[in-house]
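What follows is the content of model.tsv, which has TSV, C-alpha atoms:
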chain	number	residue	atom	x	y	z
A	91	GLU	CA	0.00	0.00	0.00
A	92	VAL	CA	1.28	3.43	-0.97
A	93	GLN	CA	1.66	5.77	1.98
A	94	LEU	CA	2.90	9.31	2.42
A	95	VAL	CA	2.83	10.60	5.98
A	96	GLU	CA	3.68	14.20	6.81
A	97	THR	CA	4.83	15.19	10.28
A	98	GLY	CA	6.40	18.19	11.97
A	99	GLY	CA	3.64	20.75	11.76
A	100	GLY	CA	2.33	22.91	14.57
A	101	LEU	CA	2.00	26.43	15.92
A	102	VAL	CA	5.05	28.65	15.52
A	103	GLN	CA	5.77	32.35	15.96
A	104	PRO	CA	6.61	34.58	13.00
A	105	GLY	CA	10.30	34.52	12.20
A	106	LYS	CA	10.81	31.04	13.62
A	107	SER	CA	11.63	27.78	11.85
A	108	LEU	CA	9.95	24.44	11.34
A	109	LYS	CA	10.96	21.27	9.49
A	110	LEU	CA	8.39	19.03	7.85
A	111	THR	CA	9.05	15.38	7.09
A	112	CYS	CA	7.22	13.20	4.60
A	113	ALA	CA	7.88	9.50	5.14
A	114	THR	CA	6.83	7.29	2.26
A	115	SER	CA	6.40	3.61	1.52
A	116	GLY	CA	4.87	1.33	-1.08
A	117	PHE	CA	6.48	2.77	-4.20
A	118	THR	CA	9.94	3.32	-5.67
A	119	PHE	CA	10.81	6.53	-3.88
A	120	SER	CA	14.30	6.85	-5.32
A	121	THR	CA	13.02	7.55	-8.84
A	122	ALA	CA	10.09	9.75	-7.84
A	123	TRP	CA	10.04	13.52	-8.19
A	124	MET	CA	8.65	14.85	-4.93
A	125	HIS	CA	6.68	18.02	-4.35
A	126	TRP	CA	5.37	20.06	-1.47
A	127	VAL	CA	2.00	21.74	-2.01
A	128	ARG	CA	0.15	23.86	0.53
A	129	GLN	CA	-3.52	24.76	0.97
A	130	SER	CA	-4.33	28.02	2.64
A	131	PRO	CA	-7.37	28.49	4.93
A	132	ASP	CA	-9.34	29.85	1.94
A	133	LYS	CA	-8.71	26.46	0.24
A	134	ARG	CA	-6.42	27.75	-2.50
A	135	LEU	CA	-3.71	25.25	-3.50
A	136	GLU	CA	-0.16	26.49	-4.04
A	137	TRP	CA	2.79	24.47	-5.28
A	138	ILE	CA	5.81	25.30	-3.15
A	139	ALA	CA	8.78	23.17	-4.13
A	140	ARG	CA	9.94	20.16	-6.11
A	141	ILE	CA	13.01	17.94	-5.91
A	142	LYS	CA	13.94	15.63	-8.76
A	143	ASP	CA	15.59	12.22	-8.44
A	144	LYS	CA	19.29	11.28	-8.42
A	145	SER	CA	19.44	10.82	-12.20
A	146	ASN	CA	18.38	14.45	-12.47
A	147	ASN	CA	20.94	15.56	-9.90
A	148	TYR	CA	18.31	16.14	-7.22
A	149	ALA	CA	17.47	19.46	-8.89
A	150	THR	CA	15.18	21.70	-6.89
A	151	ASP	CA	12.76	24.46	-7.75
A	152	TYR	CA	10.63	26.81	-5.64
A	153	VAL	CA	7.79	29.26	-5.90
A	154	GLU	CA	9.06	32.82	-5.58
A	155	SER	CA	7.29	33.48	-2.27
A	156	VAL	CA	9.41	30.89	-0.42
A	157	LYS	CA	12.74	31.17	-2.24
A	158	GLY	CA	15.56	31.80	0.22
A	159	ARG	CA	13.38	30.77	3.17
A	160	PHE	CA	12.34	27.17	2.43
A	161	THR	CA	14.58	24.25	1.44
A	162	ILE	CA	13.39	20.93	0.06
A	163	SER	CA	15.62	17.89	0.47
A	164	ARG	CA	15.36	14.11	0.36
A	165	ASP	CA	16.95	11.00	1.80
A	166	ASP	CA	16.48	8.09	-0.57
A	167	SER	CA	17.78	5.65	2.07
A	168	LYS	CA	14.84	6.62	4.27
A	169	SER	CA	12.30	7.15	1.44
A	170	SER	CA	11.66	10.57	2.92
A	171	VAL	CA	11.41	14.15	1.71
A	172	TYR	CA	11.79	17.19	3.90
A	173	LEU	CA	10.83	20.86	3.91
A	174	GLN	CA	12.92	23.15	6.07
A	175	MET	CA	10.98	26.35	6.62
A	176	ASN	CA	12.81	29.39	8.00
A	177	SER	CA	11.74	32.97	8.66
A	178	LEU	CA	8.11	31.89	8.75
A	179	LYS	CA	5.41	34.46	8.05
A	180	GLU	CA	1.73	34.51	8.96
A	181	GLU	CA	0.90	33.99	5.29
A	182	ASP	CA	2.68	30.61	5.45
A	183	THR	CA	-0.21	29.33	7.56
A	184	ALA	CA	-1.62	26.37	5.63
A	185	THR	CA	-1.98	22.62	5.40
A	186	TYR	CA	1.15	21.23	3.77
A	187	TYR	CA	0.99	18.15	1.54
A	188	CYS	CA	3.78	16.10	0.06
A	189	THR	CA	2.91	14.54	-3.25
A	190	THR	CA	4.14	12.85	-6.40
A	191	TRP	CA	0.99	14.21	-8.12
A	192	THR	CA	-0.27	10.62	-8.29
A	193	ARG	CA	0.00	10.05	-4.56
A	194	TRP	CA	-0.77	12.53	-1.78
A	195	GLY	CA	-0.24	12.52	1.95
A	196	GLN	CA	-2.99	13.47	4.37
A	197	GLY	CA	-1.34	16.80	5.06
A	198	VAL	CA	0.05	18.54	8.12
A	199	MET	CA	-1.10	21.89	9.50
A	200	VAL	CA	1.29	24.76	10.04
A	201	THR	CA	0.04	27.83	11.88
A	202	VAL	CA	2.23	30.91	12.07
A	203	SER	CA	0.97	33.32	14.70
A	204	SER	CA	2.22	35.37	17.60
B	218	ASP	CA	3.82	32.66	-13.84
B	219	VAL	CA	1.13	30.68	-15.66
B	220	VAL	CA	-2.39	31.63	-14.61
B	221	LEU	CA	-5.07	28.94	-14.84
B	222	THR	CA	-8.62	30.26	-15.00
B	223	GLN	CA	-11.26	27.70	-14.03
B	224	THR	CA	-14.93	28.10	-14.79
B	225	PRO	CA	-17.48	27.90	-13.41
B	226	PRO	CA	-16.49	28.44	-9.76
B	227	THR	CA	-19.55	26.50	-8.65
B	228	LEU	CA	-21.54	23.82	-10.45
B	229	SER	CA	-24.90	22.47	-9.31
B	230	ALA	CA	-25.86	19.12	-10.76
B	231	THR	CA	-28.39	16.34	-10.30
B	232	ILE	CA	-27.34	12.71	-10.08
B	233	GLY	CA	-26.89	11.38	-13.60
B	234	GLN	CA	-26.39	14.79	-15.18
B	235	SER	CA	-23.32	15.38	-17.36
B	236	VAL	CA	-21.20	18.42	-16.54
B	237	SER	CA	-18.06	20.11	-17.82
B	238	ILE	CA	-15.40	22.28	-16.20
B	239	SER	CA	-13.14	24.58	-18.18
B	240	CYS	CA	-9.51	25.41	-17.44
B	241	ARG	CA	-7.85	28.09	-19.53
B	242	SER	CA	-4.16	28.85	-19.34
B	243	SER	CA	-2.43	32.20	-19.81
B	244	GLN	CA	0.14	30.48	-22.01
B	245	SER	CA	0.54	27.23	-23.89
B	246	LEU	CA	1.13	24.19	-21.70
B	247	LEU	CA	2.85	22.24	-24.47
B	248	HIS	CA	6.29	21.28	-23.15
B	249	SER	CA	9.34	21.21	-25.39
B	250	ASN	CA	9.34	17.43	-25.02
B	251	GLY	CA	5.94	17.23	-26.71
B	252	ASN	CA	3.91	16.49	-23.55
B	253	THR	CA	1.24	18.75	-22.08
B	254	TYR	CA	1.39	18.57	-18.31
B	255	LEU	CA	-2.16	19.43	-17.36
B	256	ASN	CA	-3.76	17.40	-14.57
B	257	TRP	CA	-7.19	17.36	-12.96
B	258	LEU	CA	-7.62	16.72	-9.24
B	259	LEU	CA	-10.66	16.13	-7.02
B	260	GLN	CA	-10.67	17.09	-3.37
B	261	ARG	CA	-13.53	15.63	-1.36
B	262	PRO	CA	-14.41	17.31	1.96
B	263	GLY	CA	-11.80	16.60	4.62
B	264	GLN	CA	-9.57	14.69	2.20
B	265	PRO	CA	-6.36	15.48	0.34
B	266	PRO	CA	-6.61	16.01	-3.40
B	267	GLN	CA	-6.57	12.95	-5.61
B	268	LEU	CA	-5.42	12.67	-9.19
B	269	LEU	CA	-8.15	12.00	-11.74
B	270	ILE	CA	-6.61	12.88	-15.10
B	271	TYR	CA	-2.98	13.47	-16.15
B	272	LEU	CA	-1.40	14.60	-19.39
B	273	VAL	CA	-4.71	16.25	-20.38
B	274	SER	CA	-6.69	13.09	-21.08
B	275	ARG	CA	-5.12	10.04	-19.43
B	276	LEU	CA	-7.29	8.44	-16.76
B	277	GLU	CA	-5.49	7.66	-13.52
B	278	SER	CA	-5.68	4.03	-12.44
B	279	GLY	CA	-8.85	3.28	-10.50
B	280	VAL	CA	-10.70	6.40	-11.63
B	281	PRO	CA	-14.13	5.69	-13.16
B	282	ASN	CA	-14.36	6.18	-16.91
B	283	ARG	CA	-17.23	8.65	-16.55
B	284	PHE	CA	-14.40	11.15	-16.10
B	285	SER	CA	-12.68	12.38	-19.24
B	286	GLY	CA	-10.28	15.16	-20.12
B	287	SER	CA	-9.65	16.95	-23.37
B	288	GLY	CA	-7.99	20.00	-24.82
B	289	SER	CA	-4.68	21.32	-26.03
B	290	GLY	CA	-2.48	24.39	-25.85
B	291	THR	CA	-4.31	26.76	-23.53
B	292	ASP	CA	-7.84	25.37	-23.40
B	293	PHE	CA	-8.80	22.27	-21.41
B	294	THR	CA	-11.99	20.59	-20.25
B	295	LEU	CA	-12.93	17.99	-17.66
B	296	LYS	CA	-16.21	16.20	-18.33
B	297	ILE	CA	-18.18	14.01	-15.97
B	298	SER	CA	-20.65	11.85	-17.91
B	299	GLY	CA	-23.29	11.08	-15.35
B	300	VAL	CA	-22.54	12.64	-11.95
B	301	GLU	CA	-22.66	10.32	-8.98
B	302	ALA	CA	-22.90	11.31	-5.32
B	303	GLU	CA	-19.26	10.40	-4.67
B	304	ASP	CA	-18.17	12.99	-7.28
B	305	LEU	CA	-19.08	15.93	-5.06
B	306	GLY	CA	-16.20	18.11	-3.98
B	307	VAL	CA	-13.81	20.66	-5.46
B	308	TYR	CA	-12.09	20.08	-8.78
B	309	TYR	CA	-8.74	21.70	-9.56
B	310	CYS	CA	-6.67	21.85	-12.70
B	311	VAL	CA	-2.90	22.07	-12.22
B	312	GLN	CA	-0.09	22.60	-14.71
B	313	SER	CA	3.44	21.25	-14.33
B	314	THR	CA	4.83	22.32	-17.69
B	315	HIS	CA	6.24	25.66	-16.50
B	316	ALA	CA	7.77	26.21	-13.07
B	317	PRO	CA	6.44	27.50	-10.77
B	318	TYR	CA	3.64	24.99	-11.21
B	319	THR	CA	0.22	26.52	-10.68
B	320	PHE	CA	-3.34	25.55	-9.81
B	321	GLY	CA	-6.70	26.81	-10.89
B	322	ALA	CA	-8.90	28.33	-8.18
B	323	GLY	CA	-11.19	25.31	-8.14
B	324	THR	CA	-14.73	24.40	-9.14
B	325	LYS	CA	-17.08	23.23	-6.42
B	326	LEU	CA	-19.50	20.55	-7.58
B	327	GLU	CA	-22.69	20.50	-5.52
B	328	LEU	CA	-25.94	18.58	-5.64
B	329	LYS	CA	-28.88	20.55	-7.01
Could you express the structure from this file as structure tokens?
Amino acid sequence: EVQLVETGGGLVQPGKSLKLTCATSGFTFSTAWMHWVRQSPDKRLEWIARIKDKSNNYATDYVESVKGRFTISRDDSKSSVYLQMNSLKEEDTATYYCTTWTRWGQGVMVTVSS
Amino acid sequence: DVVLTQTPPTLSATIGQSVSISCRSSQSLLHSNGNTYLNWLLQRPGQPPQLLIYLVSRLESGVPNRFSGSGSGTDFTLKISGVEAEDLGVYYCVQSTHAPYTFGAGTKLELK
């Protein structure tokens, strides 16, 4: 069974950091391109970041609003993808999903508030 | 960035009715490799999105064949031929041809 499980969310103050983890199983993680997508409280979906596989040099890409603050990474030995989020802003408040487009996790909530 | 305009924002349907959702792109979604990376997702209440259609018209495994996708370039359509109760939710188009990848604003399918 394919599973993607996000952890690491919670309530954090503006300017602080948080690291999300997406642990996967049930598919060949090492060749999958992994994405983080977030859904704001008004239900809009926003693609945040993508990391390609080893054969594509683990190339990364980001939406402009998180460039320089968020970092996507992966550990193929653990079938996991990560999102390091620094300098968090209130507008980063959302449910964060990891996904391959075909497969989605259940999401993890991140609330940025003082 | 590519802007995807979905219409209508809300769709009211009866069970068995056929409906269509439009997704128009601000620029062509034809990739240099010849593929068009336009997907359709359904998000049921309280659930994560799920993939219905990829590469414009290819049905994801396990998705009922009452769903179909069509289009090219900048103009795409999702059709549901005979709405069933389990189809209710919000439909999104998403493009992954041009980074940053972008979503439409969604179309909420409700029962009339």
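Nearest-residue note for chain B: choosing from A:Arg128, A:Arg193, A:Lys142, A:Lys106, the minimum distance belongs to A:Arg193, counting all atoms listed in the file.
CA of Val200 (chain A) is positioned 13.4 Å from CA of Cys188 (chain A).
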(message) I need the contact residues of chain B against chain A, so if you could list those with any atom within 9 Å, counting only C-alpha atoms, and return them as an MDAnalysis selection string, that would help.
(response) chainID B and resid 256 264:269 271 277 309 316:323
Preceding selection exported with C-alpha atoms as a PDB file, in the coordinates of the input:
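Output below, filename out05.pdb:
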ATOM      1  CA  ASN B 256      -3.760  17.400 -14.570  1.00  0.00           C
ATOM      2  CA  GLN B 264      -9.570  14.690   2.200  1.00  0.00           C
ATOM      3  CA  PRO B 265      -6.360  15.480   0.340  1.00  0.00           C
ATOM      4  CA  PRO B 266      -6.610  16.010  -3.400  1.00  0.00           C
ATOM      5  CA  GLN B 267      -6.570  12.950  -5.610  1.00  0.00           C
ATOM      6  CA  LEU B 268      -5.420  12.670  -9.190  1.00  0.00           C
ATOM      7  CA  LEU B 269      -8.150  12.000 -11.740  1.00  0.00           C
ATOM      8  CA  TYR B 271      -2.980  13.470 -16.150  1.00  0.00           C
ATOM      9  CA  GLU B 277      -5.490   7.660 -13.520  1.00  0.00           C
ATOM     10  CA  TYR B 309      -8.740  21.700  -9.560  1.00  0.00           C
ATOM     11  CA  ALA B 316       7.770  26.210 -13.070  1.00  0.00           C
ATOM     12  CA  PRO B 317       6.440  27.500 -10.770  1.00  0.00           C
ATOM     13  CA  TYR B 318       3.640  24.990 -11.210  1.00  0.00           C
ATOM     14  CA  THR B 319       0.220  26.520 -10.680  1.00  0.00           C
ATOM     15  CA  PHE B 320      -3.340  25.550  -9.810  1.00  0.00           C
ATOM     16  CA  GLY B 321      -6.700  26.810 -10.890  1.00  0.00           C
ATOM     17  CA  ALA B 322      -8.900  28.330  -8.180  1.00  0.00           C
ATOM     18  CA  GLY B 323     -11.190  25.310  -8.140  1.00  0.00           C
TER      19      GLY B 323
END
(message) I need every residue sitting at most 12 Å from the point (-27.0, 13.7, -10.6) (coordinates as in the file, only C-alpha atoms considered), written as number ranges by chain.
(response) B: 228-236, 297-305, 326-329
(message) List the spatial neighbours of region 288-292 of chain B as JSON, numbers by chain - criterion: any atom at most 12 Å away, only C-alpha atoms, same-chain residues fewer than 5 positions off excluded.
(response) {"B": [219, 220, 221, 222, 223, 224, 238, 239, 240, 241, 242, 243, 244, 245, 246, 247, 248, 251, 252, 253, 254, 255, 256, 271, 272, 273, 274, 275, 310, 312, 314]}
(message) Using all atoms listed in the file, which protein or nucleic acid residues come within 6 Å of Tyr308 (chain B)? Drop anything in the same chain fewer than 3 positions from it, and give the result as a list of chain:residue names.
(response)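 Selected residues are B:Leu258, B:Leu259, B:Gly323, B:Thr324.
CA of Ala184 (chain A) is positioned 13.1 Å from CA of Gly98 (chain A).
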(request) Calculate how many Å separate CA of Ser167 (chain A) from CA of Met199 (chain A), rounding to one decimal. (result)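 The value is 26.0 Å.
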(request) Write out as a ChimeraX atom specification which residues come within 8 Å of Ala113 (chain A) when counting all atoms listed in the file, dropping same-chain ones fewer than 4 positions away. (result) /A:93-96,168-171
(request) Could you give me, as a ChimeraX atom specification, the residues that sit within 8 Å of (8.4, 11.6, -8.6) in the file's coordinates, counting only C-alpha atoms? (result) /A:119,121-125,142-143,190-191
Box time for region 173-179 of chain A: axis-aligned, enclosing all its listed atoms, 4 Å extra on each side; report centre and edge lengths in Å to one decimal, as AutoDock Vina command-line options.
--center_x 9.2 --center_y 27.7 --center_z 6.3 --size_x 15.5 --size_y 21.6 --size_z 12.8
(request) Name all residues at most 9 Å from Glu181 (chain A) (count all atoms listed in the file; drop same-chain ones fewer than 3 positions away) and give them as a ChimeraX atom specification. (result) /A:130,178,184,202
(request) Select, from A:Ile141, A:Ala149, A:Val198, A:Leu173, the residue with the minimum atom-to-atom distance to Ser107 (chain A), counting only C-alpha atoms. (result)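 Looking at the shortest contact to Ser107 (chain A), the residue is A:Leu173.
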